[in-house]
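To be precise, the following lines are upload-v7.txt, and they hold compact mmCIF, C-alpha atoms and all ligand atoms.
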```txt
# COMPACT_ATOMS: atom_id res chain seq x y z
CA MET N 1 0.00 0.00 0.00
CA ASP N 2 1.04 3.60 -0.44
CA PRO N 3 4.28 3.99 1.55
CA VAL N 4 3.66 7.71 1.85
CA ARG N 5 0.59 7.02 3.95
CA ASN N 6 2.35 4.40 6.07
CA PRO N 7 1.53 5.49 9.64
CA TYR N 8 3.97 3.30 11.61
CA ALA N 9 6.99 4.82 13.26
CA PRO N 10 9.86 2.58 14.37
CA GLY N 11 12.58 4.78 15.85
CA ALA N 12 14.19 5.99 19.05
CA GLY N 13 11.80 8.25 20.93
CA GLN N 14 9.69 8.36 17.79
CA ARG N 15 6.16 9.29 18.70
CA PRO N 16 3.89 6.35 17.83
CA PRO N 17 0.77 6.96 15.75
CA GLU N 18 -1.19 5.44 18.66
CA LEU N 19 0.17 5.36 22.19
CA ALA N 20 -1.35 2.06 23.21
CA GLY N 21 -1.57 0.40 26.62
CA ARG N 22 -0.20 3.20 28.77
CA ASP N 23 -3.44 4.59 30.25
CA ARG N 24 -2.55 3.52 33.78
CA GLU N 25 0.77 5.36 33.83
CA ILE N 26 -0.79 8.43 32.21
CA GLY N 27 -3.56 8.45 34.81
CA GLN N 28 -1.04 8.13 37.64
CA PHE N 29 1.05 10.97 36.30
CA ALA N 30 -2.00 13.23 35.99
CA VAL N 31 -2.62 12.68 39.71
CA VAL N 32 1.02 13.41 40.52
CA LEU N 33 0.83 16.73 38.65
CA GLU N 34 -2.36 17.79 40.39
CA ARG N 35 -1.11 16.88 43.83
CA ILE N 36 2.25 18.59 43.42
CA ALA N 37 0.62 21.76 42.10
CA ARG N 38 -1.54 21.82 45.23
CA GLY N 39 1.45 21.38 47.50
CA ARG N 40 0.44 17.85 48.53
CA PRO N 41 3.15 15.33 49.29
CA GLU N 42 3.67 13.02 46.33
CA ARG N 43 6.39 10.75 45.06
CA SER N 44 7.67 11.45 41.61
CA MET N 45 7.63 8.78 38.92
CA VAL N 46 10.48 6.84 37.40
CA LEU N 47 9.87 4.68 34.34
CA THR N 48 11.99 1.59 33.90
CA GLY N 49 12.14 -1.03 31.19
CA LEU N 50 14.06 -2.71 28.43
CA ARG N 51 15.24 -1.01 25.25
CA GLY N 52 12.48 -0.05 22.85
CA VAL N 53 9.50 -0.50 25.19
CA GLY N 54 8.54 3.16 24.94
CA LYS N 55 10.08 4.89 27.96
CA THR N 56 11.22 7.97 26.04
CA VAL N 57 7.89 8.25 24.26
CA LEU N 58 6.03 8.06 27.56
CA LEU N 59 8.37 10.58 29.18
CA ASN N 60 7.64 12.96 26.30
CA THR N 61 3.92 12.35 26.79
CA PHE N 62 4.30 13.24 30.46
CA ARG N 63 6.05 16.40 29.40
CA SER N 64 3.17 17.37 27.13
CA MET N 65 0.77 16.75 30.01
CA ALA N 66 2.76 19.11 32.22
CA LEU N 67 2.88 21.72 29.47
CA GLN N 68 -0.87 21.47 29.00
CA ARG N 69 -1.25 22.36 32.66
CA LEU N 70 0.97 25.38 32.00
CA TRP N 71 3.90 23.97 33.96
CA GLY N 72 7.46 24.84 33.11
CA THR N 73 9.32 21.83 31.73
CA GLY N 74 12.82 20.84 30.76
CA LYS N 75 14.50 17.60 29.78
CA ILE N 76 17.97 16.13 29.90
CA GLU N 77 19.44 12.92 28.58
CA ALA N 78 22.08 11.68 31.00
CA ARG N 79 25.41 10.48 29.65
CA PRO N 80 28.03 8.38 31.40
CA ASP N 81 30.90 10.48 32.72
CA GLN N 82 29.06 13.75 32.19
CA SER N 83 28.06 15.91 35.14
CA ILE N 84 24.41 16.87 35.14
CA ARG N 85 25.18 20.43 36.26
CA ARG N 86 25.09 22.10 32.88
CA PRO N 87 22.32 20.01 31.32
CA VAL N 88 20.14 20.64 34.38
CA ALA N 89 20.89 24.36 34.17
CA ALA N 90 19.89 24.43 30.51
CA ALA N 91 16.71 22.44 31.20
CA LEU N 92 15.62 24.68 34.07
CA HIS N 93 16.42 27.69 31.95
CA MET N 94 13.99 26.41 29.38
CA ALA N 95 11.38 25.59 32.04
CA VAL N 96 11.47 29.05 33.55
CA ARG N 97 11.48 30.72 30.16
CA GLU N 98 8.17 29.00 29.53
CA LEU N 99 6.78 30.57 32.70
CA ALA N 100 8.38 34.00 32.45
CA PRO N 101 5.86 35.70 30.14
CA ARG N 102 3.06 34.93 32.61
CA HIS N 103 4.94 35.97 35.72
CA ARG N 104 3.81 39.27 37.24
CA ALA N 105 7.16 40.14 38.81
CA PRO N 106 9.88 40.26 36.16
CA ASP N 107 12.55 41.01 38.77
CA ARG N 108 11.87 37.67 40.48
CA VAL N 109 12.37 35.81 37.23
CA GLU N 110 15.47 37.87 36.61
CA TYR N 111 16.80 37.01 40.06
CA PHE N 112 16.26 33.32 39.36
CA LEU N 113 18.09 33.56 36.06
CA GLY N 114 20.97 35.26 37.84
CA VAL N 115 21.14 32.37 40.32
CA LEU N 116 20.92 29.88 37.46
CA LYS N 117 23.79 31.58 35.70
CA ALA N 118 25.98 31.31 38.79
CA PHE N 119 24.96 27.65 39.19
CA ALA N 120 25.92 26.85 35.60
CA ALA N 121 29.15 28.80 35.79
CA HIS N 122 30.35 26.41 38.48
CA ASP N 123 30.99 23.58 36.07
CA PRO N 124 34.50 22.46 37.00
CA LYS N 125 35.06 21.02 33.52
CA ALA N 126 33.93 24.06 31.55
CA PRO N 127 36.57 26.43 30.27
CA LYS N 128 36.54 29.68 32.23
CA GLY N 129 33.75 32.03 31.23
CA SER N 130 32.35 29.78 28.51
CA SER N 131 29.35 28.34 30.33
CA VAL N 132 27.94 31.75 31.03
CA THR N 133 27.77 32.72 27.39
CA THR N 134 26.59 29.35 26.07
CA LEU N 135 23.53 29.30 28.30
CA GLY N 136 22.69 32.64 26.76
CA ILE N 137 21.29 34.10 29.96
CA ASP N 138 21.31 37.82 29.57
CA VAL N 139 21.14 38.97 33.20
CA LEU N 140 23.52 39.82 36.00
CA MET N 141 24.97 36.79 37.80
CA GLN N 142 23.66 36.44 41.37
CA ARG N 143 26.34 35.37 43.82
CA GLY N 144 25.88 33.44 47.02
CA ARG N 145 23.10 31.05 46.04
CA ALA N 146 23.45 27.67 44.27
CA ASP N 147 27.07 28.44 43.47
CA SER N 148 29.05 26.74 46.26
CA GLY N 149 30.49 24.16 43.86
CA ASP N 150 28.95 21.33 45.90
CA LEU N 151 26.34 19.89 43.56
CA GLU N 152 24.05 18.66 46.31
CA VAL N 153 23.88 22.04 48.02
CA ASP N 154 23.60 23.89 44.73
CA LEU N 155 20.88 21.70 43.26
CA THR N 156 18.86 21.94 46.46
CA GLU N 157 19.00 25.72 46.37
CA LEU N 158 18.38 25.93 42.66
CA PHE N 159 15.36 23.61 42.85
CA ALA N 160 13.92 25.64 45.72
CA GLU N 161 14.29 28.88 43.73
CA ALA N 162 12.80 27.37 40.58
CA ALA N 163 9.90 25.86 42.53
CA SER N 164 9.11 29.18 44.11
CA VAL N 165 8.97 30.96 40.74
CA ALA N 166 6.50 28.32 39.52
CA GLY N 167 4.60 28.42 42.81
CA ASP N 168 3.91 32.13 42.26
CA LEU N 169 1.88 31.09 39.23
CA GLY N 170 0.13 28.19 40.94
CA VAL N 171 1.91 25.69 38.72
CA GLY N 172 5.04 23.56 39.00
CA ILE N 173 8.21 22.65 37.22
CA ALA N 174 8.93 19.19 35.85
CA LEU N 175 12.46 18.15 35.06
CA PHE N 176 12.62 15.02 32.89
CA VAL N 177 15.70 12.83 32.97
CA ASP N 178 16.07 10.18 30.27
CA GLU N 179 18.70 7.41 30.48
CA MET N 180 18.82 8.17 34.19
CA GLN N 181 20.99 5.11 34.94
CA ASP N 182 23.85 6.89 33.15
CA ILE N 183 24.12 9.77 35.63
CA PRO N 184 27.54 9.56 37.32
CA ALA N 185 27.33 8.15 40.87
CA THR N 186 28.21 11.38 42.69
CA ASP N 187 25.60 13.29 40.73
CA VAL N 188 22.90 10.67 41.35
CA SER N 189 23.41 11.02 45.03
CA ALA N 190 23.25 14.83 44.81
CA LEU N 191 20.08 14.63 42.71
CA CYS N 192 18.35 12.23 45.13
CA ALA N 193 19.34 14.33 48.11
CA SER N 194 17.95 17.51 46.58
CA CYS N 195 14.70 15.75 45.61
CA HIS N 196 14.50 14.52 49.18
CA GLU N 197 14.96 18.02 50.53
CA LEU N 198 12.39 19.39 48.13
CA SER N 199 9.84 16.73 49.06
CA GLN N 200 10.06 17.91 52.66
CA THR N 201 9.41 21.55 51.84
CA GLY N 202 6.63 20.72 49.39
CA GLY N 203 8.02 22.89 46.62
CA PRO N 204 6.24 22.29 43.31
CA LEU N 205 9.15 20.78 41.36
CA ILE N 206 9.47 17.15 40.33
CA VAL N 207 12.17 15.11 38.71
CA VAL N 208 10.69 12.45 36.44
CA GLY N 209 13.08 9.77 35.28
CA ALA N 210 13.34 6.97 32.76
CA GLY N 211 15.94 4.28 32.42
CA LEU N 212 16.92 0.64 32.19
CA PRO N 213 15.53 -2.00 34.56
CA HIS N 214 18.39 -1.70 37.02
CA LEU N 215 17.76 2.01 37.60
CA PRO N 216 15.98 1.42 40.96
CA ALA N 217 19.07 -0.50 42.12
CA VAL N 218 21.33 2.35 40.98
CA LEU N 219 19.23 4.88 42.90
CA SER N 220 18.93 2.87 46.09
CA ALA N 221 22.64 2.09 46.07
CA SER N 222 23.11 5.84 46.09
CA LYS N 223 20.49 6.77 48.69
CA SER N 224 18.61 4.19 50.67
CA TYR N 225 15.53 6.43 50.86
CA SER N 226 15.19 6.67 47.06
CA GLU N 227 12.48 3.99 47.13
CA ARG N 228 10.32 6.35 49.14
CA LEU N 229 11.20 9.25 46.84
CA PHE N 230 10.11 7.72 43.54
CA ARG N 231 7.26 5.57 42.39
CA TYR N 232 8.71 3.05 39.95
CA ALA N 233 6.60 2.16 36.97
CA ARG N 234 7.84 -0.82 35.02
CA ILE N 235 7.13 -0.28 31.32
CA ASP N 236 6.79 -3.60 29.60
CA ARG N 237 5.72 -5.20 26.37
CA LEU N 238 2.16 -4.51 25.28
CA GLU N 239 -0.62 -6.95 26.09
CA ARG N 240 -2.29 -8.51 23.08
CA GLU N 241 -5.18 -6.03 23.05
CA ALA N 242 -2.91 -2.98 23.26
CA ALA N 243 -0.55 -4.33 20.60
CA ASP N 244 -3.52 -4.86 18.27
CA LEU N 245 -4.76 -1.36 18.97
CA ALA N 246 -1.31 0.08 18.19
CA LEU N 247 -1.65 -1.45 14.72
CA ILE N 248 -5.37 -1.12 14.06
CA ALA N 249 -6.06 2.45 15.18
CA PRO N 250 -3.55 4.21 12.88
CA ALA N 251 -4.56 1.98 9.94
CA GLU N 252 -8.22 2.70 10.48
CA ARG N 253 -7.55 6.40 10.05
CA GLU N 254 -6.21 5.52 6.58
CA GLY N 255 -9.19 3.28 5.82
CA VAL N 256 -7.16 0.06 6.22
CA THR N 257 -8.03 -3.05 8.26
CA PHE N 258 -6.30 -6.29 9.29
CA THR N 259 -7.63 -9.85 9.19
CA ALA N 260 -7.61 -11.69 12.53
CA ASP N 261 -4.90 -14.03 11.19
CA ALA N 262 -2.73 -11.07 10.26
CA LEU N 263 -2.97 -9.72 13.81
CA ASP N 264 -2.10 -13.17 15.21
CA ALA N 265 0.96 -13.33 12.99
CA LEU N 266 2.05 -9.81 13.87
CA TYR N 267 1.72 -10.46 17.58
CA ALA N 268 3.71 -13.66 17.25
CA ALA N 269 6.47 -11.78 15.42
CA ALA N 270 6.62 -8.59 17.51
CA ASP N 271 5.98 -10.31 20.83
CA GLY N 272 4.27 -7.13 22.06
CA TYR N 273 7.46 -5.07 22.13
CA PRO N 274 6.51 -1.57 20.95
CA TYR N 275 9.56 -1.06 18.75
CA PHE N 276 8.91 -4.38 17.03
CA VAL N 277 5.20 -3.63 16.67
CA GLN N 278 6.13 -0.48 14.73
CA ALA N 279 8.86 -2.21 12.74
CA TYR N 280 6.73 -5.17 11.61
CA GLY N 281 3.71 -2.94 11.09
CA LYS N 282 5.68 -0.65 8.84
CA VAL N 283 7.09 -3.31 6.52
CA THR N 284 3.82 -5.23 6.43
CA TRP N 285 1.98 -2.10 5.29
CA ASP N 286 4.42 -1.55 2.45
CA VAL N 287 4.23 -5.20 1.36
CA ALA N 288 0.43 -5.49 1.43
CA ALA N 289 -1.24 -4.79 -1.90
CA SER N 290 -4.57 -3.74 -0.43
CA SER N 291 -6.83 -3.74 2.60
CA PRO N 292 -7.43 -5.94 4.55
CA VAL N 293 -3.87 -6.82 5.41
CA THR N 294 -3.56 -10.63 5.57
CA ALA N 295 -1.37 -13.20 7.31
CA ALA N 296 0.23 -13.88 3.93
CA ASP N 297 1.35 -10.25 3.81
CA VAL N 298 2.95 -10.67 7.23
CA THR N 299 4.74 -13.83 6.06
CA VAL N 300 6.24 -11.93 3.15
CA ALA N 301 7.10 -8.91 5.29
CA ALA N 302 8.65 -10.69 8.27
CA PRO N 303 12.07 -11.55 6.80
CA GLU N 304 12.48 -8.01 5.55
CA ALA N 305 11.47 -6.54 8.91
CA GLU N 306 13.90 -8.91 10.62
CA SER N 307 16.79 -7.87 8.43
CA GLU N 308 16.00 -4.22 9.07
CA LEU N 309 15.98 -4.92 12.80
CA ALA N 310 19.23 -6.88 12.49
CA VAL N 311 20.93 -3.80 11.06
CA GLY N 312 19.25 -0.95 12.89
CA PHE N 313 18.02 -2.20 16.22
CA PHE N 314 20.42 -5.04 17.03
CA GLY N 315 23.41 -4.49 14.78
CA SER N 316 24.03 -0.87 15.68
CA ARG N 317 24.24 -1.88 19.34
CA TYR N 318 26.38 -4.96 18.73
CA GLU N 319 28.86 -2.80 16.80
CA ARG N 320 29.47 -0.67 19.88
CA ALA N 321 30.90 -3.64 21.79
CA THR N 322 34.57 -4.61 21.81
CA LEU N 323 35.68 -8.07 20.76
CA ALA N 324 35.83 -9.32 24.35
CA GLU N 325 32.39 -7.86 25.06
CA ARG N 326 30.96 -9.56 21.97
CA GLN N 327 32.31 -12.90 23.11
CA TYR N 328 30.76 -12.30 26.48
CA MET N 329 27.36 -11.57 24.97
CA ARG N 330 27.55 -14.61 22.71
CA ALA N 331 28.27 -16.77 25.73
CA MET N 332 25.25 -15.24 27.46
CA ALA N 333 23.10 -15.92 24.40
CA ALA N 334 24.28 -19.52 24.24
CA THR N 335 22.77 -20.18 27.66
CA GLY N 336 19.25 -19.15 26.59
CA ASP N 337 17.00 -16.15 27.11
CA ASP N 338 16.66 -15.98 30.89
CA PRO N 339 18.82 -13.89 33.21
CA VAL N 340 21.99 -15.89 33.73
CA PRO N 341 24.49 -16.11 36.59
CA THR N 342 27.84 -14.55 35.70
CA SER N 343 29.51 -17.76 36.84
CA VAL N 344 27.63 -19.70 34.16
CA VAL N 345 28.85 -17.26 31.49
CA ALA N 346 32.38 -17.78 32.77
CA ASP N 347 31.97 -21.57 32.55
CA GLU N 348 30.64 -21.23 29.03
CA LEU N 349 33.80 -19.33 28.06
CA GLY N 350 36.05 -21.58 30.16
CA ARG N 351 37.36 -18.56 32.06
CA LYS N 352 37.56 -17.32 35.64
CA PRO N 353 34.66 -14.98 36.48
CA SER N 354 37.05 -12.28 37.75
CA SER N 355 38.88 -12.15 34.41
CA LEU N 356 35.58 -11.31 32.72
CA SER N 357 34.68 -8.35 34.91
CA PRO N 358 36.04 -5.73 32.46
CA ALA N 359 33.87 -7.11 29.64
CA ARG N 360 30.81 -7.31 31.88
CA ASP N 361 31.30 -3.81 33.29
CA GLY N 362 31.91 -2.41 29.81
CA LEU N 363 28.64 -3.90 28.58
CA ILE N 364 26.74 -2.53 31.56
CA LYS N 365 28.19 0.91 30.95
CA LYS N 366 27.22 0.72 27.29
CA GLY N 367 23.69 -0.16 28.35
CA LEU N 368 23.69 -3.53 26.56
CA ILE N 369 23.30 -5.71 29.63
CA TYR N 370 22.20 -5.11 33.21
CA SER N 371 22.41 -7.03 36.41
CA SER N 372 18.87 -8.03 37.23
CA GLU N 373 19.54 -9.47 40.68
CA ARG N 374 22.65 -10.29 42.60
CA GLY N 375 24.91 -12.26 40.32
CA LEU N 376 22.43 -12.47 37.44
CA ILE N 377 22.78 -10.58 34.19
CA ALA N 378 20.44 -10.11 31.25
CA PHE N 379 20.25 -8.28 27.94
CA THR N 380 18.66 -4.82 27.96
CA VAL N 381 17.59 -5.34 24.35
CA PRO N 382 14.60 -7.66 23.87
CA HIS N 383 15.28 -10.69 21.66
CA PHE N 384 18.99 -9.89 21.64
CA GLY N 385 19.94 -13.47 22.52
CA LYS N 386 17.91 -14.78 19.61
CA PHE N 387 19.57 -12.27 17.30
CA LEU N 388 23.07 -13.30 18.42
CA ARG N 389 22.31 -16.99 18.01
CA SER N 390 21.19 -16.34 14.43
CA GLN N 391 24.44 -14.58 13.54
CA PRO N 392 27.44 -16.52 12.21
CA ALA N 393 30.29 -16.48 14.73
N1 LIG W 1 2.63 2.61 23.79
C1 LIG W 1 3.11 2.45 22.56
N2 LIG W 1 2.31 2.01 21.55
C2 LIG W 1 2.81 1.87 20.31
N3 LIG W 1 4.09 2.13 19.97
C3 LIG W 1 4.92 2.56 20.91
C4 LIG W 1 4.48 2.75 22.25
N4 LIG W 1 5.52 3.19 22.98
C5 LIG W 1 6.57 3.27 22.14
N5 LIG W 1 6.22 2.90 20.89
C6 LIG W 1 7.16 2.85 19.75
O1 LIG W 1 8.26 2.05 20.16
C7 LIG W 1 9.49 2.60 19.71
C8 LIG W 1 10.45 2.79 20.87
O2 LIG W 1 10.02 3.79 21.75
P1 LIG W 1 11.06 4.56 22.72
O3 LIG W 1 12.20 5.09 21.93
O4 LIG W 1 10.28 5.48 23.54
O5 LIG W 1 11.58 3.35 23.62
P2 LIG W 1 12.61 3.41 24.83
O6 LIG W 1 12.06 2.55 25.89
O7 LIG W 1 12.91 4.83 25.18
O8 LIG W 1 13.92 2.71 24.21
P3 LIG W 1 15.45 2.94 24.61
O9 LIG W 1 15.68 2.22 25.89
O10 LIG W 1 16.21 2.31 23.48
O11 LIG W 1 15.70 4.41 24.70
C9 LIG W 1 9.14 3.86 18.94
O12 LIG W 1 9.14 3.56 17.57
C10 LIG W 1 7.73 4.20 19.40
O13 LIG W 1 6.99 4.82 18.38
MG MG W 2 14.65 5.94 25.23
```
Could you show the structure in this file as structure tokens?
Ligand SMILES: Nc1ncnc2c1ncn2[C@@H]1O[C@H](COP(=O)(O)OP(=O)(O)OP(=O)(O)O)[C@@H](O)[C@H]1O
Ligand SMILES: [Mg+2]
Amino acid sequence: MDPVRNPYAPGAGQRPPELAGRDREIGQFAVVLERIARGRPERSMVLTGLRGVGKTVLLNTFRSMALQRLWGTGKIEARPDQSIRRPVAAALHMAVRELAPRHRAPDRVEYFLGVLKAFAAHDPKAPKGSSVTTLGIDVLMQRGRADSGDLEVDLTELFAEAASVAGDLGVGIALFVDEMQDIPATDVSALCASCHELSQTGGPLIVVGAGLPHLPAVLSASKSYSERLFRYARIDRLEREAADLALIAPAEREGVTFTADALDALYAAADGYPYFVQAYGKVTWDVAASSPVTAADVTVAAPEAESELAVGFFGSRYERATLAERQYMRAMAATGDDPVPTSVVADELGRKPSSLSPARDGLIKKGLIYSSERGLIAFTVPHFGKFLRSQPA
């Protein structure tokens, strides 16, 4: 069928034509926003899940919800080895800029921007004077607040100032953090501590995170109270009904339907994983000659969709691994699809577990595997084991 009208959208953070199966999380977040705006105590939300399940898309949806309620919003994507100081400064700059036109006291906004400028200027890694210009804040720097150089102290003060600007307008500020597991350890602890402080004062600012399944473990290793700070929502594959809806609803808007067999075949292929739903849906649409789409269309489309996934979804990640890391992942894949003890991987390779730590740690840092429980590791990418087993050594 006409590829120009193809509605499906496989891609990273790519907004799906139909956001299926996430009503519960959306409903919960709506409550969080209302409660925070009214100064009620509420835990913020952190989304966790495997690669391609739709964490980024849901985080962006949450952001739209906050914007609709006239909140100030900003977003960062954490990176390993990068301090969050400057990204957070830029995100809060954006959030407050959204609020500024409605604020009745321009000098208060200006004061906040001055504090923000001093906060950003304290980046130890930034060349002298550069951070101030790159943020593009055109006000006088305010000294003595959020500029001690200690991230925990500074974030706490900055959050309090930002919250109070939003509070003046009866709204809040939401700071979204994607790939939250990648925040360096010292910064995670500073971030949790400042959220903790903020939760006690009831300031209307929330940090909403998304990351891989081990994110709760990362946060609680940093601060034991993080479990009481965040409500974890595990984002998983779509149930059959939601997966069908993700395919049917966008097609319907183009006057296209699916036979029941076609939907069976698509669910069997995509296994409910949102990225795969989009990927198989997209190729199947292009292959089908006309509506309704049939199981035969899916049969023709599947190999093509698989080879696209092999290059884009799996291959691009595999390429990022070193030779030793690839061997490690192949050994994991050889043991099956369940989380596997590191000692079993070592046996598989005929090596001592300790000699494999660099490969394992490297893969964790690259976000390809995670430790699911003590001593067990698993792929962050769904169906990755199957992919590796299908590849020639
Ligand atoms: N609820 C949903 N219904 C239908 N499609 C979805 C849904 N959520 C996400 N998708 C699709 O799945 C794909 C992956 O989404 P997204 O990039 O948000 O995943 P992710 O969890 O952030 O992955 P990663 O861990 O790699 O960053 C996108 O193509 C998106 O359109
Ligand atoms: Mg993402």
Please report as CSV every residue of chain N lying within 8 Å of ligand LIG 1 (chain W), along with the nearest atom pair and their distance in Å (one decimal), using all atoms listed in the file.
```
residue,atom,partner,partner_atom,distance
N:Tyr8,CA,W:LIG1,O13,7.6
N:Ala9,CA,W:LIG1,O12,5.0
N:Pro10,CA,W:LIG1,O12,3.4
N:Gly11,CA,W:LIG1,O12,4.0
N:Ala12,CA,W:LIG1,O3,3.6
N:Gly13,CA,W:LIG1,O3,3.3
N:Gln14,CA,W:LIG1,O13,4.5
N:Arg15,CA,W:LIG1,O13,4.6
N:Pro16,CA,W:LIG1,O13,3.5
N:Pro17,CA,W:LIG1,O13,7.1
N:Glu18,CA,W:LIG1,C2,5.6
N:Leu19,CA,W:LIG1,N1,4.0
N:Ala20,CA,W:LIG1,N2,4.0
N:Gly21,CA,W:LIG1,N1,5.5
N:Arg22,CA,W:LIG1,N1,5.8
N:Gly49,CA,W:LIG1,O6,6.4
N:Leu50,CA,W:LIG1,O9,5.8
N:Arg51,CA,W:LIG1,O9,3.3
N:Gly52,CA,W:LIG1,O8,3.4
N:Val53,CA,W:LIG1,O6,4.0
N:Gly54,CA,W:LIG1,O4,3.2
N:Lys55,CA,W:LIG1,O6,3.7
N:Thr56,CA,W:LIG1,O4,3.7
N:Val57,CA,W:LIG1,O4,3.7
N:Leu58,CA,W:LIG1,O4,6.4
N:Leu59,CA,W:LIG1,O4,7.8
N:Glu179,CA,W:LIG1,O11,7.2
N:Ala210,CA,W:LIG1,O7,7.9
N:Gly211,CA,W:LIG1,O9,6.9
N:Leu212,CA,W:LIG1,O9,6.6
N:Ile235,CA,W:LIG1,O6,7.9
N:Leu238,CA,W:LIG1,N1,7.3
N:Ala242,CA,W:LIG1,N2,7.4
N:Ala243,CA,W:LIG1,N2,7.0
N:Ala246,CA,W:LIG1,C2,5.0
N:Leu247,CA,W:LIG1,C2,7.9
N:Tyr273,CA,W:LIG1,O1,7.4
N:Pro274,CA,W:LIG1,O1,4.1
N:Tyr275,CA,W:LIG1,O1,3.7
N:Phe276,CA,W:LIG1,O1,7.2
N:Val277,CA,W:LIG1,N3,6.7
N:Gln278,CA,W:LIG1,O12,5.8
N:Ala279,CA,W:LIG1,O12,7.5
N:Thr380,CA,W:LIG1,O9,7.9
N:Val381,CA,W:LIG1,O10,7.8
```
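With distances taken from (30.8, -2.4, 21.0) and restricted to all atoms listed in the file, the residues inside 12 Å are N:Phe314, N:Gly315, N:Ser316, N:Arg317, N:Tyr318, N:Glu319, N:Arg320, N:Ala321, N:Thr322, N:Leu323, N:Ala324, N:Glu325, N:Arg326, N:Gln327, N:Tyr328, N:Met329, N:Ala359, N:Arg360, N:Gly362, N:Leu363, N:Ile364, N:Lys365, N:Lys366, N:Gly367, N:Leu368, N:Ile369.
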Give me, please, the distance in Å between atom CA of Arg253 of chain N and atom CA of Ala310 of chain N, quoted to one decimal. 30.0 Å
Set the distance at 8 Å and use only C-alpha atoms: which residues neighbour Ala91 of chain N once local chain neighbours fewer than 2 positions away are removed? I'd like the list as a list of chain:residue names. N:Thr73, N:Gly74, N:Lys75, N:Ile76, N:Pro87, N:Val88, N:Ala89, N:His93, N:Met94, N:Ala95, N:Leu175
With only C-alpha atoms as the counted atoms, please give the residues lying no more than 12 Å from Ser222 of chain N, apart from itself and same-chain residues fewer than 5 positions off, as number ranges by chain. N: 181, 183-193, 215-217, 227
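Taking atom CA of Ala146 of chain N and atom CA of Phe159 of chain N as the two end points, the separation is 9.2 Å.
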Given all atoms listed in the file as the counted atoms, nearest of N:Val293, N:Ala37, N:Ser226, N:Leu245 to Phe258 of chain N: N:Val293
Excluding Thr259 of chain N and residues on its chain fewer than 2 positions from it, collect all residues at most 8 Å away from it, counting all atoms listed in the file, and give them as a list in words. Thr257, Asp261, Ala262, Leu263, Pro292, Val293, Thr294 and Ala295 of chain N
Those same residues - C-alpha atoms - I'd like them written as a compact mmCIF listing (two decimals), keeping the file's coordinate frame.
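Done, and the output landed in out-v8.txt:
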```txt
# COMPACT_ATOMS: atom_id res chain seq x y z
CA THR N 257 -8.03 -3.05 8.26
CA ASP N 261 -4.90 -14.03 11.19
CA ALA N 262 -2.73 -11.07 10.26
CA LEU N 263 -2.97 -9.72 13.81
CA PRO N 292 -7.43 -5.94 4.55
CA VAL N 293 -3.87 -6.82 5.41
CA THR N 294 -3.56 -10.63 5.57
CA ALA N 295 -1.37 -13.20 7.31
```
Got a moment to write segment 139-169 of chain N out with C-alpha atoms, as an mmCIF file, in the first residue's frame?
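The resulting file, out-v5.cif, is reproduced below:
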```
data_model
loop_
_atom_site.group_PDB
_atom_site.id
_atom_site.type_symbol
_atom_site.label_atom_id
_atom_site.label_comp_id
_atom_site.auth_asym_id
_atom_site.auth_seq_id
_atom_site.Cartn_x
_atom_site.Cartn_y
_atom_site.Cartn_z
ATOM 1 C CA VAL N 139 21.145 38.969 33.200
ATOM 2 C CA LEU N 140 23.524 39.815 36.003
ATOM 3 C CA MET N 141 24.972 36.792 37.798
ATOM 4 C CA GLN N 142 23.663 36.438 41.373
ATOM 5 C CA ARG N 143 26.335 35.374 43.820
ATOM 6 C CA GLY N 144 25.875 33.440 47.016
ATOM 7 C CA ARG N 145 23.104 31.050 46.042
ATOM 8 C CA ALA N 146 23.449 27.665 44.268
ATOM 9 C CA ASP N 147 27.068 28.437 43.465
ATOM 10 C CA SER N 148 29.047 26.740 46.256
ATOM 11 C CA GLY N 149 30.487 24.160 43.863
ATOM 12 C CA ASP N 150 28.954 21.327 45.902
ATOM 13 C CA LEU N 151 26.343 19.891 43.559
ATOM 14 C CA GLU N 152 24.051 18.656 46.311
ATOM 15 C CA VAL N 153 23.880 22.039 48.018
ATOM 16 C CA ASP N 154 23.600 23.891 44.729
ATOM 17 C CA LEU N 155 20.878 21.697 43.258
ATOM 18 C CA THR N 156 18.859 21.937 46.456
ATOM 19 C CA GLU N 157 19.005 25.722 46.374
ATOM 20 C CA LEU N 158 18.379 25.931 42.659
ATOM 21 C CA PHE N 159 15.363 23.611 42.850
ATOM 22 C CA ALA N 160 13.921 25.641 45.715
ATOM 23 C CA GLU N 161 14.290 28.877 43.726
ATOM 24 C CA ALA N 162 12.799 27.373 40.579
ATOM 25 C CA ALA N 163 9.904 25.862 42.529
ATOM 26 C CA SER N 164 9.109 29.179 44.112
ATOM 27 C CA VAL N 165 8.970 30.958 40.738
ATOM 28 C CA ALA N 166 6.495 28.321 39.517
ATOM 29 C CA GLY N 167 4.602 28.421 42.807
ATOM 30 C CA ASP N 168 3.910 32.129 42.259
ATOM 31 C CA LEU N 169 1.876 31.088 39.231
#
```
